[in-house]
file entry21.cif (mmCIF, N, CA and C atoms)
data_my_file
loop_
_atom_site.label_atom_id
_atom_site.label_comp_id
_atom_site.auth_asym_id
_atom_site.auth_seq_id
_atom_site.Cartn_x
_atom_site.Cartn_y
_atom_site.Cartn_z
N MET Z 23 1.46 -30.01 35.58
CA MET Z 23 0.77 -29.87 34.31
C MET Z 23 -0.54 -30.64 34.40
N PRO Z 24 -1.69 -30.00 34.08
CA PRO Z 24 -2.96 -30.72 34.11
C PRO Z 24 -2.98 -31.83 33.06
N ALA Z 25 -3.71 -32.86 33.35
CA ALA Z 25 -3.84 -33.97 32.41
C ALA Z 25 -4.66 -33.53 31.21
N PRO Z 26 -4.41 -34.14 30.03
CA PRO Z 26 -5.27 -33.86 28.89
C PRO Z 26 -6.72 -34.13 29.25
N GLY Z 27 -7.59 -33.27 28.78
CA GLY Z 27 -9.00 -33.39 29.10
C GLY Z 27 -9.37 -32.58 30.32
N ALA Z 28 -8.36 -32.12 31.06
CA ALA Z 28 -8.60 -31.26 32.22
C ALA Z 28 -7.90 -29.94 31.98
N GLY Z 29 -8.50 -28.87 32.41
CA GLY Z 29 -7.85 -27.57 32.29
C GLY Z 29 -7.68 -27.11 30.86
N GLY Z 30 -8.55 -27.51 29.97
CA GLY Z 30 -8.49 -27.04 28.59
C GLY Z 30 -7.42 -27.68 27.75
N ALA Z 31 -7.36 -29.00 27.71
CA ALA Z 31 -6.37 -29.71 26.90
C ALA Z 31 -6.99 -30.95 26.26
N LEU Z 32 -6.52 -31.27 25.05
CA LEU Z 32 -6.96 -32.48 24.35
C LEU Z 32 -5.74 -33.32 23.99
N LEU Z 33 -5.80 -34.60 24.27
CA LEU Z 33 -4.75 -35.53 23.86
C LEU Z 33 -4.96 -35.83 22.38
N LEU Z 34 -3.94 -35.54 21.55
CA LEU Z 34 -4.03 -35.80 20.12
C LEU Z 34 -3.41 -37.13 19.73
N ASP Z 35 -2.27 -37.44 20.34
CA ASP Z 35 -1.54 -38.62 19.91
C ASP Z 35 -0.71 -39.14 21.07
N GLU Z 36 -0.55 -40.43 21.11
CA GLU Z 36 0.28 -41.07 22.12
C GLU Z 36 1.05 -42.16 21.41
N ARG Z 37 2.36 -42.16 21.61
CA ARG Z 37 3.18 -43.15 20.92
C ARG Z 37 4.30 -43.61 21.84
N LEU Z 38 4.88 -44.76 21.50
CA LEU Z 38 6.04 -45.29 22.21
C LEU Z 38 7.25 -45.16 21.32
N ASP Z 39 8.38 -44.73 21.88
CA ASP Z 39 9.61 -44.69 21.10
C ASP Z 39 10.27 -46.07 21.15
N ALA Z 40 11.44 -46.20 20.53
CA ALA Z 40 12.13 -47.49 20.45
C ALA Z 40 12.49 -48.04 21.83
N ALA Z 41 12.68 -47.15 22.80
CA ALA Z 41 13.03 -47.58 24.16
C ALA Z 41 11.80 -47.91 25.01
N GLY Z 42 10.61 -47.75 24.43
CA GLY Z 42 9.39 -48.04 25.16
C GLY Z 42 8.86 -46.87 25.97
N GLN Z 43 9.46 -45.70 25.80
CA GLN Z 43 9.04 -44.48 26.50
C GLN Z 43 7.80 -43.91 25.83
N ALA Z 44 6.78 -43.59 26.61
CA ALA Z 44 5.54 -43.01 26.07
C ALA Z 44 5.71 -41.51 25.86
N HIS Z 45 5.17 -41.02 24.74
CA HIS Z 45 5.18 -39.59 24.41
C HIS Z 45 3.76 -39.18 24.09
N ARG Z 46 3.34 -38.05 24.66
CA ARG Z 46 1.97 -37.57 24.49
C ARG Z 46 1.98 -36.20 23.82
N LEU Z 47 1.21 -36.08 22.76
CA LEU Z 47 1.04 -34.82 22.04
C LEU Z 47 -0.31 -34.24 22.45
N VAL Z 48 -0.29 -33.02 22.98
CA VAL Z 48 -1.47 -32.40 23.57
C VAL Z 48 -1.70 -31.03 22.95
N LEU Z 49 -2.96 -30.72 22.68
CA LEU Z 49 -3.36 -29.39 22.24
C LEU Z 49 -4.02 -28.72 23.43
N ARG Z 50 -3.49 -27.56 23.83
CA ARG Z 50 -3.92 -26.89 25.06
C ARG Z 50 -4.35 -25.46 24.76
N LEU Z 51 -5.39 -25.00 25.45
CA LEU Z 51 -5.80 -23.61 25.33
C LEU Z 51 -4.71 -22.70 25.88
N ALA Z 52 -4.44 -21.62 25.16
CA ALA Z 52 -3.53 -20.59 25.66
C ALA Z 52 -4.31 -19.71 26.63
N ALA Z 53 -3.70 -18.64 27.08
CA ALA Z 53 -4.37 -17.72 28.01
C ALA Z 53 -5.69 -17.24 27.41
N ALA Z 54 -6.63 -16.96 28.27
CA ALA Z 54 -7.97 -16.52 27.83
C ALA Z 54 -7.87 -15.34 26.88
N HIS Z 55 -8.64 -15.41 25.81
CA HIS Z 55 -8.74 -14.35 24.81
C HIS Z 55 -7.42 -14.06 24.10
N ALA Z 56 -6.49 -15.00 24.13
CA ALA Z 56 -5.21 -14.80 23.46
C ALA Z 56 -5.29 -15.31 22.03
N GLU Z 57 -4.48 -14.77 21.16
CA GLU Z 57 -4.33 -15.29 19.81
C GLU Z 57 -2.84 -15.29 19.54
N PRO Z 58 -2.18 -16.39 19.26
CA PRO Z 58 -2.78 -17.67 18.95
C PRO Z 58 -3.47 -18.30 20.16
N ALA Z 59 -4.53 -19.01 19.87
CA ALA Z 59 -5.42 -19.52 20.92
C ALA Z 59 -4.97 -20.85 21.51
N LEU Z 60 -4.10 -21.58 20.81
CA LEU Z 60 -3.77 -22.94 21.22
C LEU Z 60 -2.26 -23.16 21.26
N LEU Z 61 -1.84 -24.02 22.17
CA LEU Z 61 -0.44 -24.43 22.26
C LEU Z 61 -0.36 -25.92 21.99
N LEU Z 62 0.59 -26.33 21.17
CA LEU Z 62 0.84 -27.74 20.91
C LEU Z 62 2.02 -28.15 21.77
N GLU Z 63 1.83 -29.16 22.61
CA GLU Z 63 2.85 -29.60 23.56
C GLU Z 63 3.12 -31.09 23.40
N GLU Z 64 4.38 -31.45 23.58
CA GLU Z 64 4.73 -32.87 23.66
C GLU Z 64 5.47 -33.09 24.97
N ASP Z 65 4.95 -33.95 25.79
CA ASP Z 65 5.53 -34.26 27.10
C ASP Z 65 5.76 -33.01 27.93
N GLY Z 66 4.83 -32.06 27.86
CA GLY Z 66 4.91 -30.84 28.66
C GLY Z 66 5.73 -29.73 28.05
N GLU Z 67 6.43 -29.99 26.95
CA GLU Z 67 7.24 -28.97 26.28
C GLU Z 67 6.44 -28.36 25.14
N VAL Z 68 6.37 -27.03 25.11
CA VAL Z 68 5.62 -26.35 24.05
C VAL Z 68 6.38 -26.46 22.74
N LEU Z 69 5.74 -27.05 21.73
CA LEU Z 69 6.34 -27.15 20.40
C LEU Z 69 6.07 -25.90 19.58
N GLY Z 70 4.96 -25.23 19.87
CA GLY Z 70 4.62 -24.01 19.16
C GLY Z 70 3.17 -23.64 19.41
N ALA Z 71 2.80 -22.49 18.88
CA ALA Z 71 1.44 -21.96 19.05
C ALA Z 71 0.68 -22.09 17.73
N LEU Z 72 -0.62 -22.25 17.84
CA LEU Z 72 -1.49 -22.37 16.67
C LEU Z 72 -2.68 -21.44 16.82
N SER Z 73 -3.04 -20.80 15.74
CA SER Z 73 -4.25 -19.98 15.74
C SER Z 73 -5.47 -20.87 15.54
N THR Z 74 -6.60 -20.36 15.90
CA THR Z 74 -7.85 -21.08 15.65
C THR Z 74 -8.02 -21.30 14.15
N LEU Z 75 -7.65 -20.31 13.35
CA LEU Z 75 -7.75 -20.43 11.89
C LEU Z 75 -6.88 -21.57 11.37
N ALA Z 76 -5.68 -21.74 11.92
CA ALA Z 76 -4.81 -22.83 11.47
C ALA Z 76 -5.44 -24.19 11.75
N VAL Z 77 -6.00 -24.35 12.94
CA VAL Z 77 -6.65 -25.62 13.28
C VAL Z 77 -7.87 -25.84 12.39
N ARG Z 78 -8.64 -24.80 12.18
CA ARG Z 78 -9.82 -24.89 11.31
C ARG Z 78 -9.42 -25.32 9.89
N THR Z 79 -8.35 -24.73 9.37
CA THR Z 79 -7.88 -25.05 8.02
C THR Z 79 -7.44 -26.51 7.92
N VAL Z 80 -6.70 -27.00 8.92
CA VAL Z 80 -6.28 -28.40 8.94
C VAL Z 80 -7.49 -29.32 8.99
N MET Z 81 -8.46 -28.98 9.81
CA MET Z 81 -9.66 -29.82 9.91
C MET Z 81 -10.47 -29.79 8.62
N GLN Z 82 -10.52 -28.67 7.93
CA GLN Z 82 -11.23 -28.61 6.65
C GLN Z 82 -10.50 -29.43 5.60
N ARG Z 83 -9.18 -29.49 5.68
CA ARG Z 83 -8.39 -30.24 4.71
C ARG Z 83 -8.48 -31.75 4.96
N TYR Z 84 -8.35 -32.17 6.21
CA TYR Z 84 -8.27 -33.60 6.52
C TYR Z 84 -9.57 -34.20 7.05
N GLY Z 85 -10.46 -33.36 7.53
CA GLY Z 85 -11.70 -33.86 8.12
C GLY Z 85 -12.75 -34.21 7.09
N ARG Z 86 -13.66 -35.04 7.49
CA ARG Z 86 -14.82 -35.42 6.68
C ARG Z 86 -16.06 -35.23 7.54
N ALA Z 87 -17.19 -35.05 6.88
CA ALA Z 87 -18.44 -34.84 7.61
C ALA Z 87 -18.69 -36.02 8.55
N LEU Z 88 -19.04 -35.68 9.77
CA LEU Z 88 -19.34 -36.70 10.78
C LEU Z 88 -20.77 -37.17 10.61
N ASP Z 89 -20.98 -38.46 10.61
CA ASP Z 89 -22.32 -39.03 10.51
C ASP Z 89 -23.18 -38.47 11.64
N ALA Z 90 -24.36 -38.03 11.30
CA ALA Z 90 -25.26 -37.41 12.28
C ALA Z 90 -25.64 -38.37 13.41
N GLU Z 91 -25.51 -39.68 13.18
CA GLU Z 91 -25.87 -40.66 14.21
C GLU Z 91 -24.78 -40.85 15.26
N VAL Z 92 -23.58 -40.32 15.00
CA VAL Z 92 -22.49 -40.45 15.96
C VAL Z 92 -22.69 -39.41 17.06
N PRO Z 93 -22.85 -39.85 18.30
CA PRO Z 93 -23.06 -38.88 19.39
C PRO Z 93 -21.78 -38.10 19.68
N LEU Z 94 -21.93 -36.79 19.81
CA LEU Z 94 -20.79 -35.95 20.16
C LEU Z 94 -20.59 -35.98 21.66
N GLY Z 95 -19.43 -36.33 22.07
CA GLY Z 95 -19.10 -36.39 23.49
C GLY Z 95 -17.61 -36.29 23.65
N GLY Z 96 -17.13 -36.60 24.81
CA GLY Z 96 -15.69 -36.57 25.05
C GLY Z 96 -15.20 -35.20 25.46
N ASP Z 97 -13.89 -35.12 25.63
CA ASP Z 97 -13.26 -33.87 26.04
C ASP Z 97 -13.39 -32.84 24.93
N CYS Z 98 -13.45 -31.56 25.30
CA CYS Z 98 -13.58 -30.52 24.28
C CYS Z 98 -12.89 -29.23 24.71
N LEU Z 99 -12.56 -28.42 23.72
CA LEU Z 99 -12.03 -27.08 23.92
C LEU Z 99 -13.01 -26.10 23.30
N GLN Z 100 -13.42 -25.11 24.07
CA GLN Z 100 -14.32 -24.07 23.56
C GLN Z 100 -13.46 -22.99 22.92
N LEU Z 101 -13.63 -22.79 21.62
CA LEU Z 101 -12.89 -21.78 20.88
C LEU Z 101 -13.86 -20.71 20.40
N ALA Z 102 -13.34 -19.63 19.87
CA ALA Z 102 -14.19 -18.57 19.33
C ALA Z 102 -14.94 -19.10 18.12
N GLY Z 103 -16.24 -19.30 18.26
CA GLY Z 103 -17.07 -19.73 17.15
C GLY Z 103 -17.08 -21.21 16.85
N ALA Z 104 -16.37 -22.01 17.63
CA ALA Z 104 -16.32 -23.45 17.36
C ALA Z 104 -15.97 -24.22 18.63
N VAL Z 105 -16.22 -25.52 18.56
CA VAL Z 105 -15.82 -26.44 19.63
C VAL Z 105 -14.94 -27.50 19.00
N LEU Z 106 -13.80 -27.76 19.61
CA LEU Z 106 -12.89 -28.81 19.15
C LEU Z 106 -13.00 -29.95 20.14
N ARG Z 107 -13.33 -31.15 19.64
CA ARG Z 107 -13.57 -32.30 20.52
C ARG Z 107 -12.64 -33.45 20.18
N ARG Z 108 -12.37 -34.25 21.19
CA ARG Z 108 -11.70 -35.53 20.99
C ARG Z 108 -12.77 -36.59 21.25
N LEU Z 109 -12.99 -37.41 20.25
CA LEU Z 109 -14.08 -38.38 20.29
C LEU Z 109 -13.53 -39.78 20.09
N ARG Z 110 -13.88 -40.69 20.98
CA ARG Z 110 -13.54 -42.10 20.80
C ARG Z 110 -14.75 -42.75 20.14
N HIS Z 111 -14.53 -43.34 18.94
CA HIS Z 111 -15.64 -43.93 18.20
C HIS Z 111 -15.19 -45.27 17.63
N ARG Z 112 -16.09 -46.22 17.70
CA ARG Z 112 -15.85 -47.54 17.10
C ARG Z 112 -16.88 -47.76 16.02
N ALA Z 113 -16.42 -47.67 14.77
CA ALA Z 113 -17.29 -47.94 13.63
C ALA Z 113 -17.53 -49.44 13.53
N ALA Z 114 -18.55 -49.82 12.80
CA ALA Z 114 -18.91 -51.24 12.66
C ALA Z 114 -17.76 -52.05 12.08
N VAL Z 115 -16.91 -51.44 11.26
CA VAL Z 115 -15.81 -52.16 10.61
C VAL Z 115 -14.54 -52.18 11.45
N ASP Z 116 -14.54 -51.49 12.60
CA ASP Z 116 -13.34 -51.41 13.44
C ASP Z 116 -13.40 -52.46 14.55
N ALA Z 117 -12.24 -53.05 14.85
CA ALA Z 117 -12.16 -54.00 15.96
C ALA Z 117 -12.16 -53.27 17.30
N ILE Z 118 -11.51 -52.10 17.33
CA ILE Z 118 -11.47 -51.28 18.54
C ILE Z 118 -11.82 -49.84 18.18
N GLY Z 119 -12.17 -49.07 19.19
CA GLY Z 119 -12.47 -47.67 18.95
C GLY Z 119 -11.22 -46.89 18.57
N ARG Z 120 -11.43 -45.84 17.79
CA ARG Z 120 -10.32 -44.97 17.40
C ARG Z 120 -10.63 -43.55 17.84
N ASP Z 121 -9.57 -42.77 17.99
CA ASP Z 121 -9.71 -41.39 18.46
C ASP Z 121 -9.79 -40.43 17.29
N TYR Z 122 -10.80 -39.58 17.33
CA TYR Z 122 -11.03 -38.58 16.29
C TYR Z 122 -11.00 -37.19 16.89
N LEU Z 123 -10.54 -36.24 16.09
CA LEU Z 123 -10.66 -34.83 16.43
C LEU Z 123 -11.85 -34.32 15.64
N VAL Z 124 -12.77 -33.63 16.30
CA VAL Z 124 -13.99 -33.15 15.66
C VAL Z 124 -14.03 -31.63 15.76
N TRP Z 125 -14.17 -30.98 14.61
CA TRP Z 125 -14.33 -29.52 14.53
C TRP Z 125 -15.82 -29.26 14.38
N ASP Z 126 -16.42 -28.63 15.38
CA ASP Z 126 -17.86 -28.39 15.41
C ASP Z 126 -18.10 -26.88 15.42
N GLU Z 127 -18.38 -26.34 14.24
CA GLU Z 127 -18.56 -24.91 14.06
C GLU Z 127 -20.04 -24.61 13.86
N ALA Z 128 -20.53 -23.58 14.50
CA ALA Z 128 -21.94 -23.21 14.40
C ALA Z 128 -22.35 -23.04 12.93
N GLY Z 129 -23.48 -23.66 12.57
CA GLY Z 129 -24.01 -23.53 11.22
C GLY Z 129 -23.35 -24.44 10.19
N GLN Z 130 -22.41 -25.28 10.61
CA GLN Z 130 -21.70 -26.19 9.70
C GLN Z 130 -21.84 -27.63 10.20
N ASP Z 131 -21.71 -28.58 9.29
CA ASP Z 131 -21.65 -29.98 9.71
C ASP Z 131 -20.33 -30.21 10.44
N PRO Z 132 -20.35 -30.97 11.53
CA PRO Z 132 -19.08 -31.28 12.22
C PRO Z 132 -18.15 -32.06 11.30
N LEU Z 133 -16.86 -31.73 11.38
CA LEU Z 133 -15.83 -32.43 10.60
C LEU Z 133 -15.01 -33.29 11.54
N ALA Z 134 -14.75 -34.54 11.14
CA ALA Z 134 -13.98 -35.46 11.97
C ALA Z 134 -12.78 -35.97 11.19
N ALA Z 135 -11.66 -36.10 11.89
CA ALA Z 135 -10.44 -36.68 11.31
C ALA Z 135 -9.76 -37.49 12.41
N LEU Z 136 -9.10 -38.56 12.01
CA LEU Z 136 -8.34 -39.33 12.99
C LEU Z 136 -7.31 -38.43 13.66
N CYS Z 137 -7.22 -38.52 14.96
CA CYS Z 137 -6.25 -37.70 15.69
C CYS Z 137 -4.84 -37.88 15.14
N ALA Z 138 -4.47 -39.12 14.86
CA ALA Z 138 -3.13 -39.40 14.35
C ALA Z 138 -2.91 -38.75 12.98
N ALA Z 139 -3.97 -38.59 12.19
CA ALA Z 139 -3.84 -37.99 10.86
C ALA Z 139 -3.62 -36.49 10.91
N VAL Z 140 -4.17 -35.82 11.92
CA VAL Z 140 -4.01 -34.36 12.00
C VAL Z 140 -2.84 -33.97 12.90
N ALA Z 141 -2.29 -34.91 13.65
CA ALA Z 141 -1.17 -34.58 14.54
C ALA Z 141 0.03 -34.07 13.75
N ALA Z 142 0.37 -34.72 12.64
CA ALA Z 142 1.55 -34.31 11.86
C ALA Z 142 1.40 -32.92 11.25
N PRO Z 143 0.29 -32.59 10.56
CA PRO Z 143 0.19 -31.23 10.03
C PRO Z 143 0.14 -30.16 11.12
N LEU Z 144 -0.49 -30.45 12.25
CA LEU Z 144 -0.51 -29.47 13.34
C LEU Z 144 0.89 -29.28 13.92
N ARG Z 145 1.63 -30.37 14.04
CA ARG Z 145 3.01 -30.29 14.52
C ARG Z 145 3.86 -29.45 13.55
N HIS Z 146 3.69 -29.68 12.26
CA HIS Z 146 4.43 -28.92 11.24
C HIS Z 146 4.12 -27.43 11.33
N LEU Z 147 2.84 -27.08 11.42
CA LEU Z 147 2.45 -25.67 11.49
C LEU Z 147 2.98 -25.00 12.77
N ALA Z 148 2.92 -25.72 13.88
CA ALA Z 148 3.43 -25.16 15.14
C ALA Z 148 4.93 -24.92 15.06
N ALA Z 149 5.66 -25.86 14.46
CA ALA Z 149 7.11 -25.70 14.32
C ALA Z 149 7.45 -24.56 13.36
N ALA Z 150 6.70 -24.43 12.27
CA ALA Z 150 6.95 -23.36 11.30
C ALA Z 150 6.70 -22.00 11.92
N ARG Z 151 5.68 -21.90 12.72
CA ARG Z 151 5.36 -20.63 13.37
C ARG Z 151 6.42 -20.26 14.41
N ARG Z 152 6.94 -21.29 15.05
CA ARG Z 152 7.96 -21.07 16.09
C ARG Z 152 9.26 -20.56 15.47
N GLY Z 153 9.50 -20.97 14.23
CA GLY Z 153 10.68 -20.48 13.53
C GLY Z 153 11.71 -21.50 13.47
#
call {"tool": "encode", "arguments": {"input": "entry21.cif", "output": "C-alpha cells"}}
result
Amino acid sequence: MPAPGAGGALLLDERLDAAGQAHRLVLRLAAAHAEPALLLEEDGEVLGALSTLAVRTVMQRYGRALDAEVPLGGDCLQLAGAVLRRLRHRAAVDAIGRDYLVWDEAGQDPLAALCAAVAAPLRHLAAARRG
C-alpha cells in the first residue's frame, strides 16, 4: 500500500488506541475517472467510498475561508473541478502546527477545516454508503 501523500492519498487522522497501536485514516483516489472518486481507508482496509460531492459538502459545512496569506502547499489530490490538500499550519496562537484539509475549488475561496474535525463526518458518510 502506498504511503499517504504518495500515489494519490491524504492522511486525515492518526490516533493511538488504548494498547498504543497507531491507526491511520487515509483518503485515497479511486480508479481514474471513477465515481465515487475517493476511498476512505483505515489501516489499509476500505471503510467505504465517497463522491466528490460528499467531500465538497462536508468541507462547505465544516470549513472556513482560508486566510489569503497562508501558503497552499502539502500533499494534494486532484479532483474534478477542485484540489483537496492536506496542509500543516501553525497559527500565531498555536504552540505546534496542526493539520488542515483544504478544499480549493476554481473561482471560490479555499475552505479549510481541521483534519480531525472532518474525519468523523467523512467516516460516517463512507459507512452509510457502504450499508
call {"tool": "resolve_selection", "arguments": {"input": "entry21.cif", "expression": "the PyMOL selection byres (((chain Z and resi 103 and name CA) around 12) and name CA)", "output": "PyMOL selection string"}}
result
chain Z and resi 74-75+78+99-102+104-106+125-130
call {"tool": "residues_around", "arguments": {"input": "entry21.cif", "residues": "Z:Cys137", "least_positions_apart": "2", "cutoff": "12 Å", "atoms": "only C-alpha atoms", "output": "PyMOL selection string"}}
result
chain Z and resi 32-36+47-49+80-81+84-85+106-111+120-125+134-135+139-145
call {"tool": "atom_distance", "arguments": {"input": "entry21.cif", "atom1": "atom CA of Z:Asp131", "atom2": "atom C of Z:Gly95"}}
result
15.8 Å
call {"tool": "select_by_dssp", "arguments": {"input": "entry21.cif", "residues": "chain Z", "states": "strand (DSSP E)", "output": "ChimeraX atom specification"}}
result
/Z:31-38,44-51,60-64,67-72,86-87,98-101,104-111,120-127,133-136
call {"tool": "resolve_selection", "arguments": {"input": "entry21.cif", "expression": "the PyMOL selection byres ((chain Z and resi 147-150) around 8)", "output": "count of residues only"}}
result
18
call {"tool": "atom_distance", "arguments": {"input": "entry21.cif", "atom1": "atom CA of Z:Arg46", "atom2": "atom CA of Z:Glu67"}}
result
10.2 Å
call {"tool": "atom_distance", "arguments": {"input": "entry21.cif", "atom1": "atom CA of Z:Pro132", "atom2": "atom CA of Z:Glu64"}}
result
26.5 Å
call {"tool": "closest_residue", "arguments": {"input": "entry21.cif", "among": "Z:Leu133, Z:Arg86, Z:Ala52, Z:Pro93", "to": "Z:Ala31", "atoms": "only C-alpha atoms"}}
result
Z:Ala52
